[in-house]
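Raw upload26.cif, mmCIF, C-alpha atoms and all ligand atoms:
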data_model
loop_
_atom_site.group_PDB
_atom_site.id
_atom_site.type_symbol
_atom_site.label_atom_id
_atom_site.label_comp_id
_atom_site.auth_asym_id
_atom_site.auth_seq_id
_atom_site.Cartn_x
_atom_site.Cartn_y
_atom_site.Cartn_z
ATOM 1 C CA MET H 1 109.711 146.368 109.119
ATOM 2 C CA THR H 2 106.018 147.127 109.108
ATOM 3 C CA LYS H 3 103.286 147.643 106.534
ATOM 4 C CA THR H 4 99.669 148.407 107.298
ATOM 5 C CA TYR H 5 96.750 148.467 104.885
ATOM 6 C CA GLY H 6 93.870 150.204 106.676
ATOM 7 C CA ASN H 7 93.504 148.089 109.800
ATOM 8 C CA VAL H 8 95.361 145.052 108.386
ATOM 9 C CA HIS H 9 98.890 144.688 109.755
ATOM 10 C CA ALA H 10 100.243 142.870 106.701
ATOM 11 C CA VAL H 11 103.810 143.035 108.017
ATOM 12 C CA ASN H 12 104.056 143.619 111.710
ATOM 13 C CA GLY H 13 107.572 144.081 113.016
ATOM 14 C CA LEU H 14 109.179 141.442 110.832
ATOM 15 C CA ASP H 15 112.904 141.161 111.545
ATOM 16 C CA LEU H 16 115.084 139.129 109.236
ATOM 17 C CA GLU H 17 118.713 139.025 108.210
ATOM 18 C CA ILE H 18 119.901 136.882 105.316
ATOM 19 C CA GLY H 19 123.558 136.260 104.614
ATOM 20 C CA ARG H 20 125.296 135.941 101.264
ATOM 21 C CA GLY H 21 125.021 132.465 99.734
ATOM 22 C CA GLU H 22 122.052 131.330 101.801
ATOM 23 C CA THR H 23 119.036 129.538 100.341
ATOM 24 C CA VAL H 24 116.067 130.631 102.410
ATOM 25 C CA ALA H 25 112.394 129.691 102.247
ATOM 26 C CA LEU H 26 109.698 132.031 103.506
ATOM 27 C CA LEU H 27 106.989 129.614 104.578
ATOM 28 C CA GLY H 28 103.611 130.815 105.745
ATOM 29 C CA PRO H 29 99.873 130.435 105.399
ATOM 30 C CA ASN H 30 97.803 132.544 102.974
ATOM 31 C CA GLY H 31 97.917 136.193 103.916
ATOM 32 C CA ALA H 32 100.950 135.755 106.178
ATOM 33 C CA GLY H 33 102.668 138.730 104.610
ATOM 34 C CA LYS H 34 105.153 136.927 102.345
ATOM 35 C CA SER H 35 104.422 138.866 99.150
ATOM 36 C CA THR H 36 104.236 142.169 101.003
ATOM 37 C CA THR H 37 107.622 141.437 102.590
ATOM 38 C CA ILE H 38 109.176 140.512 99.244
ATOM 39 C CA ASN H 39 107.726 143.538 97.458
ATOM 40 C CA MET H 40 109.057 145.882 100.157
ATOM 41 C CA MET H 41 112.454 144.179 100.039
ATOM 42 C CA LEU H 42 112.622 144.833 96.320
ATOM 43 C CA GLY H 43 111.649 148.471 96.734
ATOM 44 C CA LEU H 44 108.385 147.928 94.815
ATOM 45 C CA LEU H 45 106.246 148.847 97.775
ATOM 46 C CA PRO H 46 107.008 151.548 100.350
ATOM 47 C CA HIS H 47 107.255 150.353 103.934
ATOM 48 C CA ASP H 48 105.611 152.201 106.822
ATOM 49 C CA GLY H 49 108.235 151.584 109.459
ATOM 50 C CA GLY H 50 111.585 149.979 110.040
ATOM 51 C CA GLU H 51 114.524 149.700 107.738
ATOM 52 C CA ILE H 52 115.424 147.587 104.706
ATOM 53 C CA ARG H 53 118.992 147.245 103.500
ATOM 54 C CA LEU H 54 120.112 145.227 100.524
ATOM 55 C CA PHE H 55 123.849 144.822 100.078
ATOM 56 C CA GLY H 56 124.242 147.674 102.551
ATOM 57 C CA ASN H 57 122.068 150.152 100.664
ATOM 58 C CA GLU H 58 118.440 151.010 100.109
ATOM 59 C CA PRO H 59 116.699 148.435 97.874
ATOM 60 C CA GLY H 60 116.348 150.655 94.784
ATOM 61 C CA ARG H 61 120.093 151.007 94.416
ATOM 62 C CA ALA H 62 120.794 147.268 94.541
ATOM 63 C CA VAL H 63 118.037 146.708 91.989
ATOM 64 C CA ARG H 64 119.416 149.419 89.671
ATOM 65 C CA GLU H 65 122.887 147.907 89.948
ATOM 66 C CA GLY H 66 121.500 144.566 88.720
ATOM 67 C CA LYS H 67 122.367 142.766 91.946
ATOM 68 C CA ILE H 68 118.875 141.375 92.282
ATOM 69 C CA GLY H 69 116.739 139.262 90.003
ATOM 70 C CA ALA H 70 113.134 138.616 90.873
ATOM 71 C CA MET H 71 110.323 136.381 89.823
ATOM 72 C CA LEU H 72 107.064 137.690 91.187
ATOM 73 C CA GLN H 73 103.605 136.171 91.264
ATOM 74 C CA GLU H 74 102.143 138.207 88.443
ATOM 75 C CA GLY H 75 104.966 138.093 85.907
ATOM 76 C CA GLY H 76 103.523 138.343 82.398
ATOM 77 C CA LEU H 77 105.649 137.380 79.388
ATOM 78 C CA ILE H 78 105.643 139.388 76.146
ATOM 79 C CA PRO H 79 103.920 137.204 73.522
ATOM 80 C CA ARG H 80 104.928 136.587 69.865
ATOM 81 C CA VAL H 81 108.682 136.572 70.467
ATOM 82 C CA THR H 82 110.975 133.608 70.876
ATOM 83 C CA ILE H 83 112.560 132.683 74.164
ATOM 84 C CA GLN H 84 116.004 133.815 73.047
ATOM 85 C CA GLU H 85 114.656 137.111 71.677
ATOM 86 C CA LEU H 86 112.974 137.834 74.987
ATOM 87 C CA ILE H 87 116.043 136.914 77.030
ATOM 88 C CA ASN H 88 118.266 139.025 74.774
ATOM 89 C CA PHE H 89 115.895 141.958 75.107
ATOM 90 C CA VAL H 90 116.103 141.760 78.908
ATOM 91 C CA ARG H 91 119.888 141.200 78.770
ATOM 92 C CA GLY H 92 120.100 144.474 76.857
ATOM 93 C CA THR H 93 118.814 146.391 79.860
ATOM 94 C CA TYR H 94 121.816 145.365 81.999
ATOM 95 C CA GLU H 95 125.390 146.570 81.866
ATOM 96 C CA ALA H 96 126.994 143.191 82.459
ATOM 97 C CA PRO H 97 124.464 140.487 81.644
ATOM 98 C CA LEU H 98 125.197 136.758 81.607
ATOM 99 C CA PRO H 99 125.890 135.306 78.143
ATOM 100 C CA LEU H 100 122.731 134.057 76.421
ATOM 101 C CA GLY H 101 124.040 130.479 76.204
ATOM 102 C CA GLU H 102 124.728 130.334 79.916
ATOM 103 C CA ILE H 103 121.265 131.628 80.790
ATOM 104 C CA LEU H 104 119.604 129.134 78.450
ATOM 105 C CA GLU H 105 121.661 126.299 79.855
ATOM 106 C CA THR H 106 121.092 127.198 83.504
ATOM 107 C CA ALA H 107 117.354 127.499 82.924
ATOM 108 C CA GLN H 108 117.303 124.260 80.875
ATOM 109 C CA LEU H 109 115.982 126.127 77.845
ATOM 110 C CA THR H 110 118.710 125.515 75.254
ATOM 111 C CA LYS H 111 116.561 123.176 73.163
ATOM 112 C CA LEU H 112 113.598 125.522 73.350
ATOM 113 C CA ALA H 113 115.505 128.725 72.501
ATOM 114 C CA THR H 114 113.642 129.422 69.258
ATOM 115 C CA ARG H 115 110.201 128.433 70.567
ATOM 116 C CA ARG H 116 107.666 131.233 70.836
ATOM 117 C CA VAL H 117 106.989 132.387 74.368
ATOM 118 C CA ASP H 118 103.217 132.045 73.964
ATOM 119 C CA LYS H 119 103.574 128.381 72.961
ATOM 120 C CA LEU H 120 104.986 127.095 76.227
ATOM 121 C CA SER H 121 103.674 124.890 78.990
ATOM 122 C CA GLY H 122 103.264 126.391 82.456
ATOM 123 C CA GLY H 123 106.515 124.820 83.643
ATOM 124 C CA GLN H 124 108.486 126.009 80.613
ATOM 125 C CA ALA H 125 107.062 129.534 80.964
ATOM 126 C CA GLN H 126 108.123 129.527 84.597
ATOM 127 C CA ARG H 127 111.674 128.560 83.568
ATOM 128 C CA VAL H 128 111.646 131.490 81.119
ATOM 129 C CA ARG H 129 110.670 133.808 83.983
ATOM 130 C CA PHE H 130 113.556 132.364 85.957
ATOM 131 C CA ALA H 131 115.870 132.918 82.983
ATOM 132 C CA LEU H 132 114.799 136.581 82.880
ATOM 133 C CA ALA H 133 115.519 136.905 86.596
ATOM 134 C CA LEU H 134 118.995 135.461 85.892
ATOM 135 C CA ALA H 135 119.758 137.713 82.930
ATOM 136 C CA GLY H 136 121.533 140.501 84.805
ATOM 137 C CA ASN H 137 123.806 138.004 86.610
ATOM 138 C CA PRO H 138 122.354 138.919 90.009
ATOM 139 C CA ASP H 139 123.863 137.986 93.370
ATOM 140 C CA LEU H 140 120.405 137.503 94.851
ATOM 141 C CA ILE H 141 117.317 135.994 93.296
ATOM 142 C CA VAL H 142 113.955 136.456 94.977
ATOM 143 C CA LEU H 143 111.083 134.216 93.930
ATOM 144 C CA ASP H 144 107.526 134.642 95.101
ATOM 145 C CA GLU H 145 105.865 131.212 95.028
ATOM 146 C CA PRO H 146 107.803 130.076 91.973
ATOM 147 C CA THR H 147 106.278 126.617 91.769
ATOM 148 C CA ALA H 148 102.639 127.428 92.511
ATOM 149 C CA ALA H 149 100.376 125.765 89.944
ATOM 150 C CA LEU H 150 103.145 123.600 88.488
ATOM 151 C CA ASP H 151 102.936 119.822 88.251
ATOM 152 C CA ILE H 152 105.470 117.683 90.067
ATOM 153 C CA GLN H 153 107.824 117.203 87.098
ATOM 154 C CA SER H 154 107.832 120.927 86.225
ATOM 155 C CA ARG H 155 108.430 121.751 89.865
ATOM 156 C CA ARG H 156 111.422 119.394 89.946
ATOM 157 C CA ASP H 157 112.823 120.843 86.721
ATOM 158 C CA LEU H 158 112.544 124.371 88.071
ATOM 159 C CA TRP H 159 114.260 123.333 91.285
ATOM 160 C CA THR H 160 117.127 121.720 89.387
ATOM 161 C CA THR H 161 117.536 125.059 87.643
ATOM 162 C CA MET H 162 117.437 127.099 90.831
ATOM 163 C CA ALA H 163 119.771 124.725 92.661
ATOM 164 C CA ALA H 164 122.360 125.213 89.890
ATOM 165 C CA TYR H 165 122.199 128.968 90.429
ATOM 166 C CA ALA H 166 122.460 128.647 94.218
ATOM 167 C CA ALA H 167 125.390 126.218 93.907
ATOM 168 C CA ARG H 168 127.450 129.030 92.385
ATOM 169 C CA GLY H 169 127.432 130.832 95.740
ATOM 170 C CA ASN H 170 124.439 133.018 94.994
ATOM 171 C CA THR H 171 121.665 133.856 97.418
ATOM 172 C CA LEU H 172 118.169 132.526 96.865
ATOM 173 C CA LEU H 173 115.062 133.629 98.727
ATOM 174 C CA PHE H 174 111.740 132.056 97.843
ATOM 175 C CA SER H 175 108.288 131.926 99.307
ATOM 176 C CA THR H 176 106.279 128.755 99.225
ATOM 177 C CA HIS H 177 103.197 127.026 100.540
ATOM 178 C CA TYR H 178 104.816 123.638 100.170
ATOM 179 C CA MET H 179 106.364 122.395 103.360
ATOM 180 C CA GLU H 180 108.234 119.551 101.640
ATOM 181 C CA GLU H 181 109.644 121.996 99.130
ATOM 182 C CA ALA H 182 110.933 124.301 101.852
ATOM 183 C CA ASP H 183 112.400 121.307 103.675
ATOM 184 C CA GLU H 184 114.014 119.796 100.613
ATOM 185 C CA TYR H 185 115.439 122.856 98.890
ATOM 186 C CA ALA H 186 116.048 125.504 101.536
ATOM 187 C CA LYS H 187 118.854 125.260 104.022
ATOM 188 C CA ARG H 188 116.971 127.711 106.207
ATOM 189 C CA ILE H 189 113.228 128.033 106.689
ATOM 190 C CA VAL H 190 111.658 131.200 108.041
ATOM 191 C CA VAL H 191 108.069 130.595 109.118
ATOM 192 C CA ILE H 192 105.999 133.756 109.026
ATOM 193 C CA ALA H 193 102.403 134.399 109.989
ATOM 194 C CA GLN H 194 100.503 137.604 110.602
ATOM 195 C CA GLY H 195 103.479 139.572 109.413
ATOM 196 C CA LYS H 196 105.912 138.234 112.002
ATOM 197 C CA VAL H 197 108.679 135.634 112.102
ATOM 198 C CA LEU H 198 107.399 132.660 114.103
ATOM 199 C CA ALA H 199 110.355 130.357 113.642
ATOM 200 C CA ASP H 200 113.687 130.394 111.873
ATOM 201 C CA GLY H 201 116.000 127.443 111.348
ATOM 202 C CA THR H 202 116.738 124.364 109.292
ATOM 203 C CA GLY H 203 113.897 121.950 108.597
ATOM 204 C CA ALA H 204 115.429 119.543 111.115
ATOM 205 C CA GLU H 205 115.654 122.273 113.755
ATOM 206 C CA LEU H 206 112.031 123.274 113.265
ATOM 207 C CA LYS H 207 110.885 119.673 113.585
ATOM 208 C CA ARG H 208 113.017 119.189 116.684
ATOM 209 C CA SER H 209 111.883 122.384 118.351
ATOM 210 C CA MET H 210 108.274 121.378 117.976
ATOM 211 C CA GLY H 211 109.066 118.011 119.532
ATOM 212 C CA GLY H 212 106.227 115.640 120.112
ATOM 213 C CA LYS H 213 104.135 113.428 117.934
ATOM 214 C CA ILE H 214 100.452 113.420 117.197
ATOM 215 C CA VAL H 215 98.266 110.474 118.131
ATOM 216 C CA SER H 216 94.851 110.548 116.523
ATOM 217 C CA ILE H 217 91.856 108.271 117.021
ATOM 218 C CA ASP H 218 88.177 108.191 116.074
ATOM 219 C CA LEU H 219 86.250 109.917 118.813
ATOM 220 C CA GLY H 220 83.014 107.969 118.258
ATOM 221 C CA ASP H 221 80.453 108.861 120.900
ATOM 222 C CA THR H 222 83.113 109.623 123.479
ATOM 223 C CA SER H 223 83.356 113.159 124.830
ATOM 224 C CA ALA H 224 86.633 114.983 124.191
ATOM 225 C CA ASP H 225 86.799 115.875 127.892
ATOM 226 C CA GLY H 226 89.518 114.129 129.821
ATOM 227 C CA PHE H 227 91.934 113.509 126.946
ATOM 228 C CA ALA H 228 93.986 116.558 127.884
ATOM 229 C CA THR H 229 95.027 114.898 131.145
ATOM 230 C CA LEU H 230 96.231 111.636 129.555
ATOM 231 C CA PRO H 231 99.917 110.872 130.165
ATOM 232 C CA GLY H 232 102.157 112.726 127.722
ATOM 233 C CA VAL H 233 99.392 114.782 126.139
ATOM 234 C CA THR H 234 100.157 118.466 125.773
ATOM 235 C CA GLU H 235 97.442 119.573 123.374
ATOM 236 C CA VAL H 236 94.069 118.330 122.194
ATOM 237 C CA GLU H 237 92.312 119.196 118.980
ATOM 238 C CA VAL H 238 89.060 117.787 117.633
ATOM 239 C CA ARG H 239 88.822 117.831 113.844
ATOM 240 C CA GLY H 240 85.631 116.330 112.479
ATOM 241 C CA ALA H 241 85.127 112.846 113.869
ATOM 242 C CA ARG H 242 88.713 112.482 115.078
ATOM 243 C CA ILE H 243 90.622 113.714 118.057
ATOM 244 C CA HIS H 244 94.290 114.637 117.683
ATOM 245 C CA LEU H 245 96.498 114.474 120.744
ATOM 246 C CA THR H 246 99.889 116.136 120.678
ATOM 247 C CA THR H 247 102.076 114.125 122.993
ATOM 248 C CA SER H 248 105.600 114.131 124.290
ATOM 249 C CA ASP H 249 105.468 110.335 124.725
ATOM 250 C CA ALA H 250 103.470 108.601 121.995
ATOM 251 C CA ASP H 251 104.094 105.085 123.378
ATOM 252 C CA LEU H 252 102.712 106.025 126.778
ATOM 253 C CA THR H 253 99.711 107.838 125.302
ATOM 254 C CA VAL H 254 98.872 104.928 122.989
ATOM 255 C CA THR H 255 99.167 102.291 125.727
ATOM 256 C CA THR H 256 96.937 104.393 127.985
ATOM 257 C CA LEU H 257 94.381 104.766 125.191
ATOM 258 C CA ALA H 258 94.494 100.986 124.672
ATOM 259 C CA ARG H 259 94.024 100.308 128.373
ATOM 260 C CA THR H 260 91.019 102.615 128.553
ATOM 261 C CA GLY H 261 89.436 101.139 125.412
ATOM 262 C CA HIS H 262 89.873 104.215 123.219
ATOM 263 C CA LEU H 263 92.092 102.753 120.546
ATOM 264 C CA ARG H 264 89.888 103.237 117.478
ATOM 265 C CA ASN H 265 91.648 103.645 114.156
ATOM 266 C CA VAL H 266 94.817 104.902 115.765
ATOM 267 C CA GLU H 267 97.388 106.839 113.755
ATOM 268 C CA VAL H 268 100.659 108.178 115.031
ATOM 269 C CA SER H 269 102.277 110.927 113.031
ATOM 270 C CA GLY H 270 104.702 113.645 113.724
ATOM 271 C CA GLY H 271 108.267 114.681 113.605
ATOM 272 C CA GLY H 272 107.252 116.152 110.248
ATOM 273 C CA LEU H 273 107.563 119.721 109.088
ATOM 274 C CA GLU H 274 103.871 119.891 108.323
ATOM 275 C CA GLU H 275 103.000 119.179 111.950
ATOM 276 C CA ALA H 276 105.599 121.689 113.090
ATOM 277 C CA PHE H 277 104.170 124.285 110.738
ATOM 278 C CA LEU H 278 100.565 123.651 111.765
ATOM 279 C CA ALA H 279 101.510 123.691 115.430
ATOM 280 C CA LEU H 280 103.268 127.018 114.973
ATOM 281 C CA THR H 281 100.445 128.680 113.109
ATOM 282 C CA SER H 282 97.410 127.009 114.693
ATOM 283 C CA GLY H 283 97.342 129.315 117.689
ATOM 284 C CA LEU H 284 96.710 132.294 115.459
ATOM 285 C CA ASN H 285 93.152 133.448 115.510
ATOM 286 C CA ALA H 286 92.616 136.080 112.807
ATOM 287 C CA ASP H 287 90.938 135.521 109.499
ATOM 288 C CA HIS H 288 94.125 134.109 108.041
ATOM 289 C CA GLN H 289 93.603 130.771 106.360
ATOM 290 C CA ARG H 290 95.997 127.903 106.644
ATOM 291 C CA SER H 291 98.069 126.825 103.713
ATOM 292 C CA GLY H 292 96.271 124.262 101.639
ATOM 293 C CA SER H 293 99.079 121.738 101.371
HETATM 294 N N1 LIG Z 301 97.048 146.172 98.467
HETATM 295 C C1 LIG Z 301 96.490 145.673 99.569
HETATM 296 N N2 LIG Z 301 95.448 146.305 100.161
HETATM 297 C C2 LIG Z 301 94.892 145.815 101.294
HETATM 298 N N3 LIG Z 301 95.307 144.698 101.936
HETATM 299 C C3 LIG Z 301 96.330 144.019 101.382
HETATM 300 C C4 LIG Z 301 96.968 144.475 100.169
HETATM 301 N N4 LIG Z 301 97.960 143.603 99.874
HETATM 302 C C5 LIG Z 301 97.941 142.647 100.842
HETATM 303 N N5 LIG Z 301 96.964 142.906 101.746
HETATM 304 C C6 LIG Z 301 96.664 142.117 102.960
HETATM 305 O O1 LIG Z 301 97.881 141.970 103.678
HETATM 306 C C7 LIG Z 301 97.998 140.664 104.220
HETATM 307 C C8 LIG Z 301 99.287 140.019 103.728
HETATM 308 O O2 LIG Z 301 99.166 139.756 102.332
HETATM 309 P P1 LIG Z 301 100.345 139.074 101.470
HETATM 310 O O3 LIG Z 301 99.886 139.046 100.050
HETATM 311 O O4 LIG Z 301 101.636 139.734 101.767
HETATM 312 O O5 LIG Z 301 100.366 137.591 102.072
HETATM 313 P P2 LIG Z 301 101.064 136.275 101.496
HETATM 314 O O6 LIG Z 301 101.709 135.636 102.661
HETATM 315 O O7 LIG Z 301 101.903 136.605 100.328
HETATM 316 O O8 LIG Z 301 99.786 135.441 101.045
HETATM 317 P P3 LIG Z 301 99.621 134.376 99.842
HETATM 318 O O9 LIG Z 301 100.392 133.189 100.263
HETATM 319 O O10 LIG Z 301 98.143 134.130 99.838
HETATM 320 O O11 LIG Z 301 100.127 135.022 98.590
HETATM 321 C C9 LIG Z 301 96.732 139.931 103.817
HETATM 322 O O12 LIG Z 301 95.810 140.015 104.905
HETATM 323 C C10 LIG Z 301 96.244 140.703 102.618
HETATM 324 O O13 LIG Z 301 94.819 140.600 102.498
#

Could the structure of this file be written out as structure tokens, please?
Amino acid sequence: MTKTYGNVHAVNGLDLEIGRGETVALLGPNGAGKSTTINMMLGLLPHDGGEIRLFGNEPGRAVREGKIGAMLQEGGLIPRVTIQELINFVRGTYEAPLPLGEILETAQLTKLATRRVDKLSGGQAQRVRFALALAGNPDLIVLDEPTAALDIQSRRDLWTTMAAYAARGNTLLFSTHYMEEADEYAKRIVVIAQGKVLADGTGAELKRSMGGKIVSIDLGDTSADGFATLPGVTEVEVRGARIHLTTSDADLTVTTLARTGHLRNVEVSGGGLEEAFLALTSGLNADHQRSGS
């Protein structure tokens, strides 16, 4: 599918198929097109080209039938009501909602049921938003950066909640900036940038496909010229005072650096999703920023 805003190709021929029961992370830098993709999928935003089918039909129908629950970035909560009042209100808009007790339990809100919605911490409020997404007993839940701005404990609590929903055979699609989160909680990671799918696979597959490790050293007064031809080196990047060498054979690269007297403050990293992600998106030139974490 495609979506253009003026001369910005927010979504540019993105092609994605997600099967029932999958837990999928959309991972991409700022401005990659994740929110635009999600909003088009949910029928909230018209698409310019291509086709979107949800459960075999156009998105609006699946939404009307209560098959989809969503938690979007700007989800306000009605103040001055209790959690259970709010959940019951939303339950009332569906034909076959989940029982209140089950929603509260799944979202770990049972003990907070009578607490006012405007008296919650960020993490608790996020679990209420998740509870509202659950209310209609959807087959698919779509979450746009659900854990942004949450501390580590709140993030873990929310994930426990979402994992319980996914474990019942439901489908979960979420966008995130956190590589570790995508790796830990999604069985499948779809890396998108500039509105296209750059990679699609398990965390392990992505790491494997990127291969290589990164050897970095202090550059000192040495020129960066010549490093590209060192044994094993496939890519060279200077960042500040350090030079980062992507290599297919870290041992060989390090021993060569040692022999030539370049071994200053050496660090070998790699095999990580973060490196895979940066390697995938670093070749992109536009004004898109990289993810901050
Ligand atoms: N309403 C709009 N009008 C103009 N440009 C837009 C609009 N919405 C999004 N864009 C542009 O489309 C591109 C994709 O934006 P989108 O919000 O989908 O990215 P994202 O991957 O969700 O980013 P983030 O992680 O920062 O939320 C960006 O370049 C953005 O500036």

Could you list, as a list in words, every residue matched by the PyMOL selection byres (((not hetatm)) within 6 of (chain Z and resi 301)) in this structure? Tyr5, Ala10, Pro29, Asn30, Gly31, Ala32, Gly33, Lys34, Ser35 and Thr36 of chain H

I would like the residues chosen by the PyMOL selection byres (((chain H and resi 272) around 9) and not hetatm) on the shown file; could you give them as a PyMOL selection string? chain H and resi 203-204+207+213+269-271+273-277

What do you get, as number ranges by chain, if you spell out every residue that the PyMOL selection byres (((chain H and resi 127) around 12) and not hetatm) selects here? H: 71, 75, 77, 83, 87, 103-110, 112-113, 117, 120-126, 128-134, 143, 146-147, 150, 154-162

Kindly provide, as JSON, the centre and edge lengths (Å, one decimal) of an axis-aligned box around all atoms of range 256-266 of chain H given in the file, with 8 Å on each side.
{"center_x": 93.2, "center_y": 102.6, "center_z": 121.4, "size_x": 23.5, "size_y": 20.6, "size_z": 30.4}

Find the residue from H:Asn57, H:Ser216, H:Thr4, H:Thr171 that sits nearest to Thr37 in chain H; use all atoms listed in the file when measuring. H:Thr4

Correct to one decimal, the distance CA of Val268 in chain H-CA of Val254 in chain H is 8.8 Å

Report, in Å with one decimal, the straight-line distance from CA of Gly220 in chain H to CA of Arg242 in chain H.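 A separation of 7.9 Å between them.
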
Quick one: everything within 9 Å of Ser175 in chain H, counting only C-alpha atoms, minus sequence neighbours fewer than 6 positions away in the same chain. Send it as JSON, numbers by chain. {"H": [24, 25, 26, 27, 28, 34, 35, 38, 142, 143, 144, 145, 146, 182]}

For a test of reading the model, state the distance in Å between CA of Leu257 in chain H and CA of Pro231 in chain H, rounded to one decimal. 9.6 Å

Kindly reconstruct range 223-238 of chain H with N, CA and C atoms and present the result as a CSV table (one decimal), keeping the file's coordinate frame.
chain,number,residue,atom,x,y,z
H,223,SER,N,83.1,111.7,124.7
H,223,SER,CA,83.4,113.2,124.8
H,223,SER,C,84.9,113.4,124.8
H,224,ALA,N,85.2,114.6,124.3
H,224,ALA,CA,86.6,115.0,124.2
H,224,ALA,C,87.2,115.3,125.6
H,225,ASP,N,86.3,115.5,126.6
H,225,ASP,CA,86.8,115.9,127.9
H,225,ASP,C,87.7,114.8,128.4
H,226,GLY,N,88.7,115.1,129.1
H,226,GLY,CA,89.5,114.1,129.8
H,226,GLY,C,90.8,113.7,129.0
H,227,PHE,N,90.8,113.9,127.7
H,227,PHE,CA,91.9,113.5,126.9
H,227,PHE,C,93.2,114.4,127.3
H,228,ALA,N,92.9,115.6,127.6
H,228,ALA,CA,94.0,116.6,127.9
H,228,ALA,C,94.8,116.1,129.1
H,229,THR,N,94.3,115.3,130.0
H,229,THR,CA,95.0,114.9,131.1
H,229,THR,C,95.7,113.5,131.0
H,230,LEU,N,95.6,112.9,129.8
H,230,LEU,CA,96.2,111.6,129.6
H,230,LEU,C,97.7,111.8,129.6
H,231,PRO,N,98.5,110.8,130.0
H,231,PRO,CA,99.9,110.9,130.2
H,231,PRO,C,100.6,111.3,128.8
H,232,GLY,N,101.4,112.3,128.9
H,232,GLY,CA,102.2,112.7,127.7
H,232,GLY,C,101.5,113.8,126.9
H,233,VAL,N,100.1,113.9,127.0
H,233,VAL,CA,99.4,114.8,126.1
H,233,VAL,C,99.6,116.3,126.5
H,234,THR,N,99.9,117.0,125.5
H,234,THR,CA,100.2,118.5,125.8
H,234,THR,C,99.1,119.3,125.1
H,235,GLU,N,98.4,118.8,124.1
H,235,GLU,CA,97.4,119.6,123.4
H,235,GLU,C,96.4,118.7,122.8
H,236,VAL,N,95.2,119.1,122.7
H,236,VAL,CA,94.1,118.3,122.2
H,236,VAL,C,93.3,119.1,121.1
H,237,GLU,N,93.1,118.5,120.0
H,237,GLU,CA,92.3,119.2,119.0
H,237,GLU,C,91.3,118.2,118.3
H,238,VAL,N,90.1,118.6,118.3
H,238,VAL,CA,89.1,117.8,117.6
H,238,VAL,C,88.9,118.3,116.2
